[in-house]
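Listing of run_24.txt, compact mmCIF, C-alpha atoms
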```txt
# COMPACT_ATOMS: atom_id res chain seq x y z
CA MET A 1 8.17 15.84 -8.71
CA THR A 2 10.47 17.14 -11.41
CA ASN A 3 13.87 15.83 -12.17
CA GLY A 4 15.56 19.05 -11.09
CA ALA A 5 13.80 19.27 -7.76
CA ASN A 6 14.54 15.69 -6.86
CA ALA A 7 18.14 15.81 -7.92
CA HIS A 8 18.46 18.93 -5.84
CA SER A 9 17.19 17.30 -2.66
CA ARG A 10 19.73 14.48 -2.86
CA PRO A 11 22.65 16.21 -4.50
CA ASN A 12 25.35 13.65 -4.01
CA GLY A 13 23.52 10.49 -3.08
CA LEU A 14 25.02 10.25 0.40
CA ASP A 15 23.24 8.24 3.05
CA MET A 16 23.46 11.03 5.56
CA PRO A 17 22.33 14.47 4.55
CA THR A 18 24.58 16.86 6.46
CA ALA A 19 23.16 19.48 8.75
CA SER A 20 23.74 22.28 6.30
CA GLN A 21 21.81 20.44 3.56
CA GLU A 22 18.94 19.85 5.94
CA THR A 23 18.66 23.48 6.93
CA ALA A 24 19.05 24.63 3.35
CA GLU A 25 16.36 22.32 1.94
CA PRO A 26 13.94 21.45 4.70
CA ALA A 27 10.83 21.19 2.51
CA ARG A 28 12.25 19.03 -0.29
CA PHE A 29 13.56 16.17 1.82
CA VAL A 30 11.68 12.87 1.55
CA PRO A 31 12.52 10.59 4.49
CA GLY A 32 13.58 7.08 3.55
CA GLN A 33 13.16 5.49 0.13
CA PRO A 34 10.46 7.28 -1.89
CA ASP A 35 9.38 3.77 -2.94
CA MET A 36 8.07 3.08 0.56
CA TRP A 37 5.71 6.02 0.19
CA ALA A 38 4.27 4.32 -2.90
CA PHE A 39 3.54 1.32 -0.65
CA VAL A 40 1.84 3.60 1.88
CA LEU A 41 -0.36 4.92 -0.92
CA PHE A 42 -1.29 1.42 -2.17
CA GLU A 43 -2.15 0.25 1.33
CA ALA A 44 -4.23 3.33 2.04
CA LEU A 45 -6.18 2.69 -1.18
CA LEU A 46 -6.71 -0.98 -0.31
CA PHE A 47 -7.96 -0.25 3.17
CA THR A 48 -10.24 2.42 1.73
CA ALA A 49 -11.74 -0.31 -0.45
CA TYR A 50 -12.29 -2.59 2.59
CA PHE A 51 -13.88 0.25 4.52
CA THR A 52 -16.14 1.11 1.59
CA VAL A 53 -17.38 -2.49 1.44
CA TYR A 54 -17.82 -2.46 5.21
CA ILE A 55 -19.87 0.72 5.21
CA ILE A 56 -22.07 -0.42 2.31
CA CYS A 57 -22.79 -3.73 4.07
CA ARG A 58 -23.39 -1.87 7.28
CA THR A 59 -26.02 0.44 5.86
CA ARG A 60 -27.91 -2.65 4.60
CA SER A 61 -28.30 -4.21 8.05
CA VAL A 62 -27.43 -1.74 10.76
CA ASP A 63 -28.89 -3.79 13.63
CA LEU A 64 -26.80 -6.86 12.87
CA PHE A 65 -23.66 -4.75 12.72
CA LEU A 66 -24.46 -3.02 16.00
CA GLN A 67 -24.90 -6.43 17.65
CA SER A 68 -21.60 -7.64 16.25
CA GLN A 69 -19.80 -4.50 17.22
CA ALA A 70 -20.63 -5.32 20.83
CA HIS A 71 -17.93 -8.01 20.54
CA LEU A 72 -15.29 -5.36 19.94
CA ASP A 73 -14.03 -3.95 23.18
CA LEU A 74 -13.63 -0.19 22.95
CA ARG A 75 -11.18 -0.18 25.85
CA VAL A 76 -8.91 -2.72 24.14
CA GLY A 77 -9.06 -0.70 20.94
CA GLY A 78 -8.29 2.49 22.82
CA PHE A 79 -5.36 0.84 24.57
CA ASN A 80 -4.03 -0.39 21.22
CA THR A 81 -4.32 3.12 19.82
CA LEU A 82 -2.33 4.58 22.69
CA VAL A 83 0.34 1.87 22.50
CA LEU A 84 0.70 2.30 18.75
CA LEU A 85 0.88 6.08 19.04
CA ALA A 86 3.61 5.64 21.65
CA SER A 87 5.46 3.24 19.33
CA SER A 88 5.17 5.73 16.48
CA TRP A 89 6.66 8.38 18.74
CA SER A 90 9.58 6.17 19.73
CA VAL A 91 10.32 5.14 16.13
CA ALA A 92 10.28 8.81 15.12
CA ARG A 93 12.75 9.51 17.92
CA CYS A 94 14.84 6.60 16.65
CA ALA A 95 15.04 8.11 13.15
CA GLN A 96 15.76 11.54 14.64
CA ALA A 97 18.56 10.19 16.84
CA ALA A 98 20.08 8.29 13.91
CA ARG A 99 20.02 11.50 11.86
CA GLU A 100 21.95 13.22 14.65
CA ARG A 101 24.30 10.21 14.64
CA SER A 102 23.64 9.31 18.29
CA PHE A 103 23.21 5.63 17.51
CA ARG A 104 22.91 4.40 21.09
CA ALA A 105 19.79 6.50 21.62
CA ALA A 106 18.48 5.35 18.23
CA LEU A 107 18.92 1.69 19.20
CA THR A 108 17.20 2.23 22.55
CA ASN A 109 14.26 3.81 20.77
CA ALA A 110 14.11 1.00 18.21
CA PHE A 111 13.92 -1.57 21.02
CA LEU A 112 11.31 0.55 22.79
CA THR A 113 9.24 0.47 19.59
CA MET A 114 9.53 -3.33 19.52
CA LEU A 115 8.38 -3.48 23.13
CA PHE A 116 5.33 -1.37 22.33
CA GLY A 117 4.71 -3.50 19.26
CA PHE A 118 4.81 -6.73 21.27
CA SER A 119 2.05 -5.57 23.60
CA VAL A 120 -0.39 -5.13 20.69
CA PRO A 121 -0.73 -8.57 19.03
CA ARG A 122 -1.54 -10.40 22.24
CA LEU A 123 -4.55 -8.18 22.78
CA GLU A 124 -5.65 -8.54 19.19
CA GLY A 125 -5.30 -12.32 19.42
CA ALA A 126 -7.39 -12.42 22.55
CA ARG A 127 -10.18 -10.58 20.84
CA VAL A 128 -10.21 -12.82 17.79
CA GLY A 129 -10.41 -15.86 20.07
CA GLU A 130 -13.39 -14.34 21.78
CA GLY A 131 -15.10 -13.95 18.43
CA ASP A 132 -14.46 -17.60 17.57
CA ARG A 133 -16.10 -18.93 20.69
CA GLN A 134 -19.47 -17.41 19.85
CA GLY A 135 -21.78 -20.01 18.42
CA VAL A 136 -23.34 -17.71 15.88
CA HIS A 137 -25.16 -18.34 12.63
CA VAL A 138 -23.71 -17.63 9.21
CA HIS A 139 -24.96 -14.07 8.70
CA HIS A 140 -23.59 -13.07 12.02
CA GLN A 141 -20.32 -14.82 11.22
CA ARG A 142 -19.94 -12.86 8.01
CA VAL A 143 -20.52 -9.58 9.80
CA LEU A 144 -18.03 -10.59 12.46
CA LEU A 145 -15.48 -11.42 9.78
CA LEU A 146 -16.06 -8.05 8.10
CA LEU A 147 -15.24 -6.47 11.45
CA LEU A 148 -12.26 -8.70 12.14
CA LEU A 149 -10.73 -8.71 8.65
CA PRO A 150 -9.12 -5.25 8.87
CA ASP A 151 -7.96 -6.22 12.38
CA GLY A 152 -6.38 -9.42 11.09
CA LEU A 153 -4.75 -7.64 8.17
CA HIS A 154 -3.44 -5.02 10.55
CA PHE A 155 -1.98 -7.80 12.67
CA LEU A 156 -0.14 -9.15 9.59
CA HIS A 157 1.20 -5.66 8.89
CA LEU A 158 2.42 -5.56 12.47
CA LEU A 159 4.26 -8.88 12.05
CA ILE A 160 5.95 -7.56 8.91
CA GLY A 161 6.70 -4.38 10.87
CA PHE A 162 8.89 -6.46 13.18
CA VAL A 163 10.92 -7.54 10.14
CA PHE A 164 11.41 -3.89 9.22
CA LEU A 165 12.36 -3.04 12.82
CA GLY A 166 14.82 -5.93 12.70
CA ILE A 167 16.40 -4.36 9.61
CA VAL A 168 16.54 -0.99 11.39
CA VAL A 169 18.30 -2.56 14.39
CA TYR A 170 20.65 -4.48 12.07
CA GLN A 171 21.53 -1.22 10.32
CA LEU A 172 22.10 0.67 13.56
CA TRP A 173 24.11 -2.11 15.19
CA SER A 174 27.37 -1.90 13.28
CA PRO A 175 29.24 1.30 12.30
CA ALA A 176 29.90 -0.38 8.94
CA ARG A 177 26.21 -0.17 7.94
CA ARG A 178 24.05 2.60 9.44
CA SER A 179 22.17 3.60 6.31
CA GLN A 180 19.98 6.52 7.31
CA GLU A 181 17.78 5.83 4.28
CA LEU A 182 16.93 2.30 5.45
CA VAL A 183 16.29 3.45 9.03
CA GLU A 184 13.85 6.06 7.78
CA THR A 185 12.20 3.55 5.43
CA GLY A 186 11.58 1.25 8.39
CA ALA A 187 10.23 4.15 10.40
CA THR A 188 7.89 5.09 7.55
CA TYR A 189 6.57 1.53 7.46
CA TRP A 190 5.98 1.58 11.20
CA HIS A 191 4.07 4.84 10.95
CA THR A 192 1.85 3.21 8.32
CA ILE A 193 0.85 0.55 10.85
CA ASP A 194 -0.17 3.26 13.26
CA PHE A 195 -1.96 5.24 10.57
CA LEU A 196 -3.99 2.19 9.46
CA TRP A 197 -4.87 1.33 13.03
CA ILE A 198 -6.26 4.80 13.68
CA LEU A 199 -8.53 4.40 10.63
CA ILE A 200 -9.62 0.94 11.86
CA PHE A 201 -10.22 2.22 15.37
CA ALA A 202 -12.31 5.15 14.19
CA LEU A 203 -14.45 3.21 11.70
CA LEU A 204 -14.83 -0.17 13.40
CA TYR A 205 -14.71 0.60 17.09
CA VAL A 206 -15.88 4.15 17.60
CA MET A 207 -18.45 4.61 14.81
CA ARG A 208 -21.72 3.14 16.09
CA MET B 209 1.37 -16.86 -22.37
CA THR B 210 1.66 -17.15 -18.61
CA ALA B 211 4.52 -19.59 -19.02
CA ILE B 212 6.40 -17.11 -21.21
CA MET B 213 5.78 -14.31 -18.75
CA ASN B 214 6.99 -16.36 -15.79
CA ALA B 215 10.04 -17.45 -17.74
CA LEU B 216 10.83 -13.79 -18.47
CA ILE B 217 10.40 -12.90 -14.79
CA ALA B 218 12.72 -15.75 -13.81
CA TYR B 219 15.19 -14.51 -16.42
CA SER B 220 15.02 -11.00 -14.93
CA MET B 221 15.66 -12.49 -11.51
CA ARG B 222 18.73 -14.25 -12.85
CA ARG B 223 20.04 -10.83 -13.89
CA MET B 224 19.85 -9.68 -10.27
CA SER B 225 22.76 -9.77 -7.88
CA VAL B 226 20.90 -12.22 -5.59
CA SER B 227 21.31 -16.00 -5.43
CA ARG B 228 19.97 -17.93 -8.40
CA ALA B 229 17.86 -19.95 -5.95
CA PHE B 230 15.33 -17.09 -6.01
CA ALA B 231 14.74 -17.34 -9.76
CA TYR B 232 14.49 -21.14 -9.82
CA SER B 233 12.19 -21.40 -6.79
CA TYR B 234 10.00 -18.74 -8.39
CA LEU B 235 9.84 -20.75 -11.60
CA VAL B 236 9.04 -24.00 -9.76
CA ILE B 237 6.35 -22.39 -7.59
CA TYR B 238 4.54 -20.83 -10.52
CA ALA B 239 4.85 -23.96 -12.66
CA LEU B 240 3.21 -25.85 -9.78
CA SER B 241 0.43 -23.27 -9.44
CA THR B 242 -0.66 -23.97 -13.02
CA LEU B 243 -2.08 -27.36 -12.00
CA PRO B 244 -4.86 -26.15 -9.65
CA GLY B 245 -5.01 -22.62 -11.06
CA MET B 246 -5.51 -23.43 -14.73
CA LEU B 247 -5.54 -27.11 -15.57
CA LEU B 248 -8.06 -28.29 -12.98
CA LEU B 249 -10.19 -25.18 -13.57
CA GLY B 250 -10.18 -25.81 -17.31
CA ILE B 251 -11.11 -29.49 -16.98
CA ALA B 252 -13.90 -28.88 -14.46
CA LEU B 253 -15.43 -26.02 -16.47
CA THR B 254 -15.26 -28.00 -19.70
CA VAL B 255 -16.95 -31.00 -18.07
CA GLY B 256 -19.70 -28.67 -16.82
CA ALA B 257 -20.13 -27.06 -20.23
CA MET B 258 -20.21 -30.35 -22.18
CA ARG B 259 -22.67 -32.13 -19.84
CA PRO B 260 -25.52 -29.58 -19.49
CA ASP B 261 -28.12 -32.36 -19.03
CA ARG B 262 -26.76 -33.40 -15.61
CA ASP B 263 -28.33 -32.57 -12.26
CA PRO B 264 -28.00 -28.78 -11.70
CA ALA B 265 -26.75 -29.46 -8.17
CA LEU B 266 -23.85 -31.46 -9.61
CA ILE B 267 -23.05 -28.71 -12.13
CA CYS B 268 -23.14 -26.18 -9.31
CA TRP B 269 -20.74 -28.32 -7.29
CA LEU B 270 -18.45 -28.60 -10.31
CA TYR B 271 -18.30 -24.82 -10.70
CA ASP B 272 -17.61 -24.48 -6.98
CA LEU B 273 -14.70 -26.88 -7.39
CA ALA B 274 -13.40 -25.04 -10.45
CA PHE B 275 -13.47 -21.55 -9.01
CA LEU B 276 -12.28 -22.50 -5.55
CA SER B 277 -9.41 -24.30 -7.21
CA PHE B 278 -8.73 -21.15 -9.22
CA SER B 279 -9.00 -18.44 -6.57
CA GLY B 280 -8.71 -20.46 -3.37
CA THR B 281 -5.16 -21.68 -3.97
CA MET B 282 -3.59 -18.34 -3.28
CA GLY B 283 -0.83 -19.67 -1.05
CA VAL B 284 1.48 -20.27 -4.01
CA PHE B 285 1.03 -16.71 -5.22
CA LEU B 286 1.65 -15.44 -1.71
CA VAL B 287 4.95 -17.31 -1.43
CA GLY B 288 5.85 -16.35 -5.02
CA SER B 289 5.17 -12.65 -4.35
CA LEU B 290 7.23 -12.70 -1.16
CA LEU B 291 10.10 -14.42 -2.99
CA TRP B 292 10.02 -11.85 -5.73
CA MET B 293 9.83 -9.04 -3.18
CA ALA B 294 12.88 -10.34 -1.32
CA ALA B 295 14.77 -10.66 -4.60
CA ILE B 296 13.94 -7.08 -5.69
CA LEU B 297 14.79 -5.53 -2.32
CA LEU B 298 18.07 -7.43 -1.96
CA ASP B 299 19.10 -6.90 -5.58
CA LYS B 300 21.95 -4.47 -6.19
CA ASN B 301 21.57 -4.24 -9.98
CA ARG B 302 18.19 -2.48 -9.78
CA VAL B 303 16.59 -4.75 -12.35
CA PHE B 304 13.20 -3.77 -10.91
CA PRO B 305 12.40 -0.52 -9.07
CA LYS B 306 12.13 -0.80 -5.28
CA TRP B 307 8.55 0.40 -5.18
CA PHE B 308 7.58 -2.64 -7.22
CA GLY B 309 9.19 -4.75 -4.49
CA TYR B 310 6.90 -3.14 -1.93
CA PHE B 311 3.97 -3.59 -4.30
CA ASN B 312 4.74 -7.34 -4.14
CA LEU B 313 4.18 -7.16 -0.40
CA CYS B 314 0.90 -5.36 -1.01
CA ASN B 315 -0.19 -8.13 -3.39
CA ALA B 316 0.89 -10.86 -0.97
CA LEU B 317 -1.24 -9.29 1.77
CA THR B 318 -4.27 -9.20 -0.53
CA GLU B 319 -3.84 -12.91 -1.29
CA VAL B 320 -4.48 -13.63 2.40
CA VAL B 321 -7.90 -12.03 2.17
CA VAL B 322 -9.07 -14.73 -0.28
CA ALA B 323 -8.96 -17.46 2.40
CA PRO B 324 -12.57 -16.88 3.67
CA ALA B 325 -13.84 -17.95 0.21
CA TRP B 326 -13.51 -21.55 1.44
CA ILE B 327 -15.98 -20.94 4.28
CA PHE B 328 -18.62 -18.63 2.81
CA LYS B 329 -21.01 -19.66 0.03
CA GLU B 330 -22.45 -16.21 -0.65
CA GLY B 331 -21.88 -12.56 0.12
CA VAL B 332 -18.74 -10.45 0.00
CA PHE B 333 -16.51 -13.35 1.12
CA ALA B 334 -17.71 -15.99 -1.36
CA TRP B 335 -15.46 -16.85 -4.30
CA ASN B 336 -17.35 -14.30 -6.41
CA GLY B 337 -17.59 -11.74 -3.59
CA VAL B 338 -16.48 -8.13 -3.67
CA ILE B 339 -13.53 -8.62 -1.32
CA THR B 340 -12.35 -12.13 -2.14
CA TRP B 341 -12.76 -11.87 -5.91
CA TRP B 342 -13.04 -8.32 -7.28
CA LEU B 343 -10.61 -6.59 -4.97
CA GLN B 344 -8.05 -9.35 -5.27
CA VAL B 345 -8.37 -9.51 -9.05
CA PHE B 346 -8.06 -5.73 -9.27
CA VAL B 347 -4.87 -5.69 -7.20
CA PHE B 348 -3.43 -8.70 -9.02
CA ALA B 349 -4.24 -7.20 -12.43
CA THR B 350 -2.66 -3.87 -11.49
CA TYR B 351 0.35 -5.72 -10.12
CA THR B 352 0.74 -7.85 -13.24
CA GLY B 353 -0.06 -4.91 -15.50
CA ARG B 354 2.69 -2.75 -14.01
CA LEU B 355 5.10 -5.51 -14.88
CA HIS B 356 4.65 -4.77 -18.56
CA HIS B 357 6.11 -1.30 -18.12
CA PRO B 358 9.63 -2.06 -17.01
CA ALA B 359 10.67 1.36 -18.33
CA GLN B 360 10.34 2.91 -14.86
CA GLU B 361 14.09 2.87 -14.52
CA ASP B 362 14.30 5.43 -17.28
CA ASP B 363 11.74 7.56 -15.48
CA PRO B 364 13.80 10.46 -14.10
CA ALA B 365 11.66 10.78 -10.97
CA TRP B 366 12.58 7.28 -9.83
CA LYS B 367 16.10 7.27 -11.14
CA THR B 368 17.38 10.35 -9.39
CA SER B 369 15.87 9.42 -6.03
CA ALA B 370 18.85 7.19 -5.30
CA PRO B 371 21.53 8.18 -7.73
CA GLY B 372 23.58 5.17 -8.62
CA ARG B 373 23.96 3.87 -5.10
CA TYR B 374 22.92 0.34 -5.90
CA ARG B 375 24.88 -0.06 -9.10
CA SER B 376 27.25 -2.92 -8.78
CA SER B 377 30.20 -3.62 -11.00
CA ARG B 378 28.81 -7.04 -11.71
CA PRO B 379 27.92 -7.60 -15.36
CA MET B 380 24.26 -8.26 -16.12
```

Show this structure as structure tokens.
Amino acid sequence: MTNGANAHSRPNGLDMPTASQETAEPARFVPGQPDMWAFVLFEALLFTAYFTVYIICRTRSVDLFLQSQAHLDLRVGGFNTLVLLASSWSVARCAQAARERSFRAALTNAFLTMLFGFSVPRLEGARVGEGDRQGVHVHHQRVLLLLLLPDGLHFLHLLIGFVFLGIVVYQLWSPARRSQELVETGATYWHTIDFLWILIFALLYVMR
Amino acid sequence: MTAIMNALIAYSMRRMSVSRAFAYSYLVIYALSTLPGMLLLGIALTVGAMRPDRDPALICWLYDLAFLSFSGTMGVFLVGSLLWMAAILLDKNRVFPKWFGYFNLCNALTEVVVAPAWIFKEGVFAWNGVITWWLQVFVFATYTGRLHHPAQEDDPAWKTSAPGRYRSSRPM
């Protein structure tokens, strides 16, 4: 991105791009802090590395992995996917509403996102517990951990996502704050959670 | 060298608009991490190197101790990274770019992955495994390496993305 193009998209450094700016420059606008997109890139690279290790290990002992994958419930994973997609939708609506300055609707959508978010970790926790109860030998344990590691990391991302949602709510709460940039940064983070989950779901749950 | 680097980081944190507690806790945490991360590792490895005639099982155990002490004590780095992240994101003087703050979070999350090294003796989760050692070292090296290019603020692409919003009138 060149200096000129970027300076053009945020001409005066205001929090809220006005409607005329948006219609004039629809393609150049980066939602939220551009720095958050750097984080999205790093995380995508890291998870790619985990998945590469997973797939290499998997090709070495396919049978063991297939046995271990039986512990992962496809229905639970599917439910998580739907819930997270719904939460992504509501957080997008939150950012949209904040852009249109209808903050009540934005707050409702932020809380809706939290509600969707809360229904995910309990299911994930239940599944990890199920894995623990199996009295399995070490090789099996390692395979199980390879399967559960992205899940566990995703769970941590989700916990941090609640911090970001908290910041979004805090921003939307008082007319004195309401930084559109921070709201969109939080929304970007939340979309990352969803994006990573879809990768996990496809590679760990669906691919047999 | 590490001590100088951490002192410089703490100094940079003192230049931020956040409480000075951040800089001093950072300094204390990293000073503490030297004991298991470098001192114990150094002693154990030297003992192993200077007593090659001992039982190989004992030497093996010594190396286990050394490297688990080195890479297994990641909790300090996790807390340190999160502290630094909070300081960068709350800072109004833009001493460090925001993306580096988020990179701190990325590093902190990779530290968590090292924990299985305590359980597994071989494979990708052992202390010399692909995930617990190589991936973590790669991320940590990138993270530390980026630190030596603090010129990002002069980079026009990052500078113009938020033109002067975070500048405070506070002197450095």

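In this comparison, which uses only C-alpha atoms, the residue of A:Glu100, A:Glu184, A:Phe42, A:Thr48 approaching Tyr351 (chain B) most closely is A:Phe42.
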
Worksheet entry | Neighbour list for Leu276 (chain B) as a PyMOL selection string, cut-off 8 Å, all atoms listed in the file, skip fewer than 3 positions in-chain | chain B and resi 272-273+279-281+325-326+335

Item to complete: Calculate how many Å separate CA of Glu319 (chain B) from CA of Thr113 (chain A), rounding to one decimal.
Response: 28.0 Å

Discussion item. Please list as a ChimeraX atom specification every residue within 8 Å of Ala295 (chain B), counting all atoms listed in the file and excluding residues in the same chain fewer than 3 positions away.
Written reply: /B:221,224,226,230,291-292,298-299

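In this structure, CA of Leu270 (chain B) sits 12.1 Å away from CA of Met258 (chain B).
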
Discussion item. Ranking B:Arg302, B:Arg354, B:Arg228, B:Lys329 by minimum distance to chain A and counting only C-alpha atoms, which one comes first?
Written reply: B:Lys329
